[in-house]
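As structure tokens, the structure follows; a few thoughts come after it.
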Amino acid sequence: MENCIFCKIAEKKIPSTAVYEDDDLLAFKDINPAAPVHLLVIPKKHFATLQDAGSEPELLGKMLALAPRLAEEAGCAVRYDADGTPAQGYKTLINSGPDGGQEVYHLHLHVIGGAHPWRGQR
Ligand code: 5GP
Ligand code: ZN
């Protein structure tokens, strides 16, 4: 897709700090991190929004399933104390459309962790 910044990142026409890549997906560090860990997972194929990717459940599942792996590697995965209490963790987020706060119109999954400024918020 012409003039799509994330297509250009997927095609390596614009640099990014990649943390994962396969034939379908690329994950890279957000340029303006909201927390110590802030990664974006994108499909290499262009979908403007989640709304446009409804026919791709396998790809969406792959994107979501990558989050815990990335969190593990980034050191913010959920851990359980000896008594089973969960610790650490991260937020996974897809903004869709203007009312959803979407700014870049190429589907992306945020993985945000390493801090908890949103605790108690939605
Ligand atoms: P949205 O609001 O669309 O869900 O989030 C877009 C995200 O993309 C923002 O967190 C923003 O910081 C990030 N972003 C925008 N442009 C670039 C870029 O050129 N490179 C990288 N790595 N991240 C970007
Ligand atoms: Zn794109």
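Residue numbering restarts at 1 in every chain; chains get A, B, ... in the order shown in the structure tokens, and ligands count up from 1 in that same order.
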
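All residues, whether protein, DNA or RNA, that have an atom at most 6 Å from ligand 2 (counting only C-alpha atoms and all ligand atoms) are Met1, Cys4, Phe6, Cys7, His46 and His106 of chain A.
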
File of the preceding selection, N, CA and C atoms, as a compact mmCIF listing (two decimals), in the first residue's frame:
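What landed in out_23.txt:
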```txt
# COMPACT_ATOMS: atom_id res chain seq x y z
N MET A 1 0.85 -1.19 0.00
CA MET A 1 0.00 0.00 0.00
C MET A 1 0.89 1.25 0.00
N CYS A 4 1.87 4.05 3.06
CA CYS A 4 1.57 3.48 4.38
C CYS A 4 2.90 3.26 5.10
N PHE A 6 3.68 1.72 7.84
CA PHE A 6 3.98 0.37 8.34
C PHE A 6 4.24 -0.60 7.18
N CYS A 7 3.64 -0.38 6.01
CA CYS A 7 4.04 -1.18 4.83
C CYS A 7 5.50 -0.91 4.51
N HIS A 46 -1.13 -5.57 4.02
CA HIS A 46 -1.81 -4.36 4.49
C HIS A 46 -3.29 -4.60 4.77
N HIS A 106 -2.63 0.93 9.41
CA HIS A 106 -2.16 -0.40 9.03
C HIS A 106 -2.29 -1.19 10.33
```

Nearby residues, ligand 1, 6 Å, only C-alpha atoms and all ligand atoms, as a ChimeraX atom specification | /A:16,29-32,95,101-104

Can you pull out every residue within 10 Å of Leu25 (chain A), counting only C-alpha atoms, but drop anything in the same chain fewer than 3 positions away, and send it as a list in words?
-> Ala10, Tyr20, Glu21, Asp22, Val41, Ile42, Pro43, Lys44, Lys45, Leu59, Lys62, Met63 and Leu66 of chain A

Could you write out the selected residues, including C-alpha atoms, as a compact mmCIF listing (two decimals), in the first residue's frame?
```txt
# COMPACT_ATOMS: atom_id res chain seq x y z
CA ALA A 10 7.54 -4.19 6.61
CA TYR A 20 10.58 -10.70 15.50
CA GLU A 21 9.96 -11.54 11.85
CA ASP A 22 8.46 -14.37 9.85
CA VAL A 41 3.04 -6.52 15.85
CA ILE A 42 1.96 -6.00 12.24
CA PRO A 43 0.90 -8.31 9.44
CA LYS A 44 3.15 -7.78 6.42
CA LYS A 45 0.00 -7.69 4.29
CA LEU A 59 -3.48 -14.34 10.92
CA LYS A 62 -0.96 -15.62 15.04
CA MET A 63 -0.56 -11.95 15.94
CA LEU A 66 3.04 -13.81 19.42
```

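For the set A:Glu2, A:Asp24, A:Asp99, A:Asp81, the residue with the smallest atom-to-atom gap to Leu60 (chain A) is A:Asp24, counting only C-alpha atoms.
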
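Summary of the local environment: counting only C-alpha atoms, residues at most 10 Å from Val19 (chain A), other than itself and those fewer than 6 positions away along its chain, are Leu26, Ala27, Phe28, Lys29, Leu39, Leu40, Val41, Leu70, Glu73 and Ala74 of chain A.
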
Write the residues you've just listed into a file as a PDB file, in the first residue's frame, and include C-alpha atoms for each of them.
```
ATOM      1  CA  LEU A  26       6.889  -8.254  11.810  1.00  0.00           C
ATOM      2  CA  ALA A  27       7.252  -7.003  15.393  1.00  0.00           C
ATOM      3  CA  PHE A  28       9.234  -3.880  16.184  1.00  0.00           C
ATOM      4  CA  LYS A  29       9.726  -1.270  18.901  1.00  0.00           C
ATOM      5  CA  LEU A  39       6.204  -3.301  20.759  1.00  0.00           C
ATOM      6  CA  LEU A  40       3.990  -3.319  17.675  1.00  0.00           C
ATOM      7  CA  VAL A  41       3.039  -6.516  15.851  1.00  0.00           C
ATOM      8  CA  LEU A  70       7.562 -11.257  22.832  1.00  0.00           C
ATOM      9  CA  GLU A  73      11.752 -12.164  25.591  1.00  0.00           C
ATOM     10  CA  ALA A  74      11.283  -8.547  26.723  1.00  0.00           C
TER      11      ALA A  74
END
```

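Of the residues in chain A, those that DSSP places in alpha helix (DSSP H) on the basis of the backbone are A:Ile5, A:Phe6, A:Cys7, A:Lys8, A:Ile9, A:Ala10, A:Pro57, A:Glu58, A:Leu59, A:Leu60, A:Gly61, A:Lys62, A:Met63, A:Leu64, A:Ala65, A:Leu66, A:Ala67, A:Pro68, A:Arg69, A:Leu70, A:Ala71, A:Glu72, A:Glu73, A:Ala74.
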
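Between CA of Pro36 (chain A) and CA of Ala48 (chain A) the interatomic distance comes to 26.9 Å.
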
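For Gln88 (chain A), the non-local neighbours within 12 Å, defined as residues at least 3 positions apart in the same chain or in other chains and counting only C-alpha atoms, are Val37, Ala71, Glu72, Ala74, Gly75, Cys76, Ala77, Val78, Arg79, Tyr80, Asp81, Thr85, Lys91, Ile112, Gly113, Gly114, Ala115, His116 and Arg119 of chain A.
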
For the selection just defined, write its residues with N, CA and C atoms to a file, as an mmCIF file, in the first residue's frame.
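That gives us selection_37.cif:
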```cif
data_model
loop_
_atom_site.group_PDB
_atom_site.id
_atom_site.type_symbol
_atom_site.label_atom_id
_atom_site.label_comp_id
_atom_site.auth_asym_id
_atom_site.auth_seq_id
_atom_site.Cartn_x
_atom_site.Cartn_y
_atom_site.Cartn_z
ATOM 1 N N VAL A 37 8.551 -1.374 27.884
ATOM 2 C CA VAL A 37 8.381 -2.291 26.740
ATOM 3 C C VAL A 37 7.180 -1.798 25.937
ATOM 4 N N ALA A 71 6.644 -10.856 25.048
ATOM 5 C CA ALA A 71 6.700 -10.385 26.439
ATOM 6 C C ALA A 71 7.730 -11.186 27.230
ATOM 7 N N GLU A 72 7.782 -12.464 26.970
ATOM 8 C CA GLU A 72 8.773 -13.325 27.640
ATOM 9 C C GLU A 72 10.180 -12.833 27.305
ATOM 10 N N ALA A 74 11.060 -9.921 26.260
ATOM 11 C CA ALA A 74 11.283 -8.547 26.723
ATOM 12 C C ALA A 74 11.326 -8.462 28.251
ATOM 13 N N GLY A 75 11.034 -9.568 28.931
ATOM 14 C CA GLY A 75 11.147 -9.595 30.391
ATOM 15 C C GLY A 75 9.912 -9.092 31.128
ATOM 16 N N CYS A 76 8.789 -8.977 30.439
ATOM 17 C CA CYS A 76 7.580 -8.470 31.118
ATOM 18 C C CYS A 76 6.453 -9.495 31.141
ATOM 19 N N ALA A 77 6.781 -10.759 30.890
ATOM 20 C CA ALA A 77 5.741 -11.801 30.892
ATOM 21 C C ALA A 77 5.111 -11.936 32.272
ATOM 22 N N VAL A 78 3.895 -12.413 32.319
ATOM 23 C CA VAL A 78 3.232 -12.686 33.604
ATOM 24 C C VAL A 78 3.987 -13.801 34.313
ATOM 25 N N ARG A 79 4.272 -13.570 35.588
ATOM 26 C CA ARG A 79 4.899 -14.615 36.399
ATOM 27 C C ARG A 79 3.979 -14.883 37.579
ATOM 28 N N TYR A 80 4.142 -16.016 38.180
ATOM 29 C CA TYR A 80 3.327 -16.341 39.351
ATOM 30 C C TYR A 80 4.225 -16.531 40.557
ATOM 31 N N ASP A 81 3.878 -15.841 41.637
ATOM 32 C CA ASP A 81 4.598 -16.034 42.892
ATOM 33 C C ASP A 81 4.338 -17.455 43.397
ATOM 34 N N THR A 85 0.068 -15.926 43.139
ATOM 35 C CA THR A 85 -0.319 -14.552 42.820
ATOM 36 C C THR A 85 0.383 -14.103 41.543
ATOM 37 N N LYS A 91 -0.012 -5.104 28.499
ATOM 38 C CA LYS A 91 -1.307 -4.828 27.875
ATOM 39 C C LYS A 91 -1.188 -5.130 26.384
ATOM 40 N N ILE A 112 2.421 -3.707 25.471
ATOM 41 C CA ILE A 112 2.939 -2.625 26.317
ATOM 42 C C ILE A 112 3.133 -3.162 27.731
ATOM 43 N N GLY A 113 4.369 -3.119 28.231
ATOM 44 C CA GLY A 113 4.632 -3.682 29.560
ATOM 45 C C GLY A 113 5.820 -3.041 30.237
ATOM 46 N N GLY A 114 6.184 -3.614 31.361
ATOM 47 C CA GLY A 114 7.342 -3.127 32.097
ATOM 48 C C GLY A 114 7.002 -1.977 33.036
ATOM 49 N N ALA A 115 5.750 -1.604 33.112
ATOM 50 C CA ALA A 115 5.279 -0.549 34.019
ATOM 51 C C ALA A 115 3.764 -0.677 34.054
ATOM 52 N N HIS A 116 3.143 0.006 34.984
ATOM 53 C CA HIS A 116 1.695 -0.162 35.094
ATOM 54 C C HIS A 116 0.991 1.158 35.362
ATOM 55 N N ARG A 119 -2.861 0.892 35.697
ATOM 56 C CA ARG A 119 -3.522 0.030 36.692
ATOM 57 C C ARG A 119 -4.728 0.743 37.264
#
```

Using backbone DSSP assignments, extract all strand (DSSP E or B) residues from region 18-110 of chain A; output them as an MDAnalysis selection string.
-> chainID A and resid 18:21 25:29 37:43 79:80 86:87 90:93 109:110

Pull N, CA and C atoms from the residues just selected and write them as a short mmCIF file (atom, residue, chain, number, x, y, z; two decimals), in the first residue's frame.
```cif
data_model
loop_
_atom_site.label_atom_id
_atom_site.label_comp_id
_atom_site.auth_asym_id
_atom_site.auth_seq_id
_atom_site.Cartn_x
_atom_site.Cartn_y
_atom_site.Cartn_z
N ALA A 18 13.48 -4.16 14.79
CA ALA A 18 12.67 -5.38 14.75
C ALA A 18 13.06 -6.31 15.88
N VAL A 19 12.06 -6.97 16.47
CA VAL A 19 12.32 -7.96 17.51
C VAL A 19 11.85 -9.35 17.08
N TYR A 20 11.07 -9.42 15.99
CA TYR A 20 10.58 -10.70 15.50
C TYR A 20 10.17 -10.53 14.04
N GLU A 21 10.41 -11.56 13.25
CA GLU A 21 9.96 -11.54 11.85
C GLU A 21 9.73 -12.95 11.36
N LEU A 25 4.44 -11.88 9.61
CA LEU A 25 4.41 -10.86 10.66
C LEU A 25 5.75 -10.19 10.85
N LEU A 26 5.69 -8.94 11.34
CA LEU A 26 6.89 -8.25 11.81
C LEU A 26 6.53 -7.61 13.14
N ALA A 27 7.43 -7.70 14.12
CA ALA A 27 7.25 -7.00 15.39
C ALA A 27 8.45 -6.09 15.59
N PHE A 28 8.16 -4.87 16.03
CA PHE A 28 9.23 -3.88 16.18
C PHE A 28 8.90 -2.93 17.32
N LYS A 29 9.91 -2.19 17.77
CA LYS A 29 9.73 -1.27 18.90
C LYS A 29 8.97 -0.03 18.46
N VAL A 37 8.55 -1.37 27.88
CA VAL A 37 8.38 -2.29 26.74
C VAL A 37 7.18 -1.80 25.94
N HIS A 38 7.40 -1.45 24.68
CA HIS A 38 6.27 -1.07 23.81
C HIS A 38 6.60 -1.56 22.41
N LEU A 39 5.97 -2.67 22.05
CA LEU A 39 6.20 -3.30 20.76
C LEU A 39 4.94 -3.23 19.91
N LEU A 40 5.11 -3.27 18.61
CA LEU A 40 3.99 -3.32 17.68
C LEU A 40 4.14 -4.57 16.83
N VAL A 41 3.07 -5.34 16.71
CA VAL A 41 3.04 -6.52 15.85
C VAL A 41 2.17 -6.18 14.65
N ILE A 42 2.74 -6.30 13.46
CA ILE A 42 1.96 -6.00 12.24
C ILE A 42 1.96 -7.21 11.31
N PRO A 43 0.85 -7.38 10.56
CA PRO A 43 0.90 -8.31 9.44
C PRO A 43 1.66 -7.63 8.30
N ARG A 79 4.27 -13.57 35.59
CA ARG A 79 4.90 -14.61 36.40
C ARG A 79 3.98 -14.88 37.58
N TYR A 80 4.14 -16.02 38.18
CA TYR A 80 3.33 -16.34 39.35
C TYR A 80 4.22 -16.53 40.56
N PRO A 86 -0.36 -13.57 40.56
CA PRO A 86 0.30 -13.12 39.34
C PRO A 86 1.09 -11.83 39.56
N ALA A 87 2.22 -11.72 38.85
CA ALA A 87 3.06 -10.52 38.93
C ALA A 87 3.49 -10.13 37.52
N TYR A 90 1.54 -7.25 30.95
CA TYR A 90 1.57 -6.32 29.82
C TYR A 90 0.16 -6.15 29.29
N LYS A 91 -0.01 -5.10 28.50
CA LYS A 91 -1.31 -4.83 27.87
C LYS A 91 -1.19 -5.13 26.38
N THR A 92 -2.19 -5.79 25.83
CA THR A 92 -2.26 -5.99 24.37
C THR A 92 -3.45 -5.19 23.87
N LEU A 93 -3.23 -4.42 22.82
CA LEU A 93 -4.22 -3.41 22.44
C LEU A 93 -4.24 -3.22 20.93
N LEU A 109 -0.93 -4.54 16.55
CA LEU A 109 -1.21 -4.95 17.93
C LEU A 109 -0.12 -4.36 18.82
N HIS A 110 -0.53 -3.53 19.79
CA HIS A 110 0.44 -3.01 20.75
C HIS A 110 0.68 -4.06 21.84
#
```

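Relative to CA of Pro15 (chain A), CA of Asn3 (chain A) is found at 15.0 Å.
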
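Nearest residue to Arg69 (chain A), choosing from A:Ile9, A:Val111, A:Leu50, A:Ile14 and counting only C-alpha atoms: A:Val111.
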
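Between CA of Ala35 (chain A) and CA of Lys13 (chain A) the interatomic distance comes to 26.3 Å.
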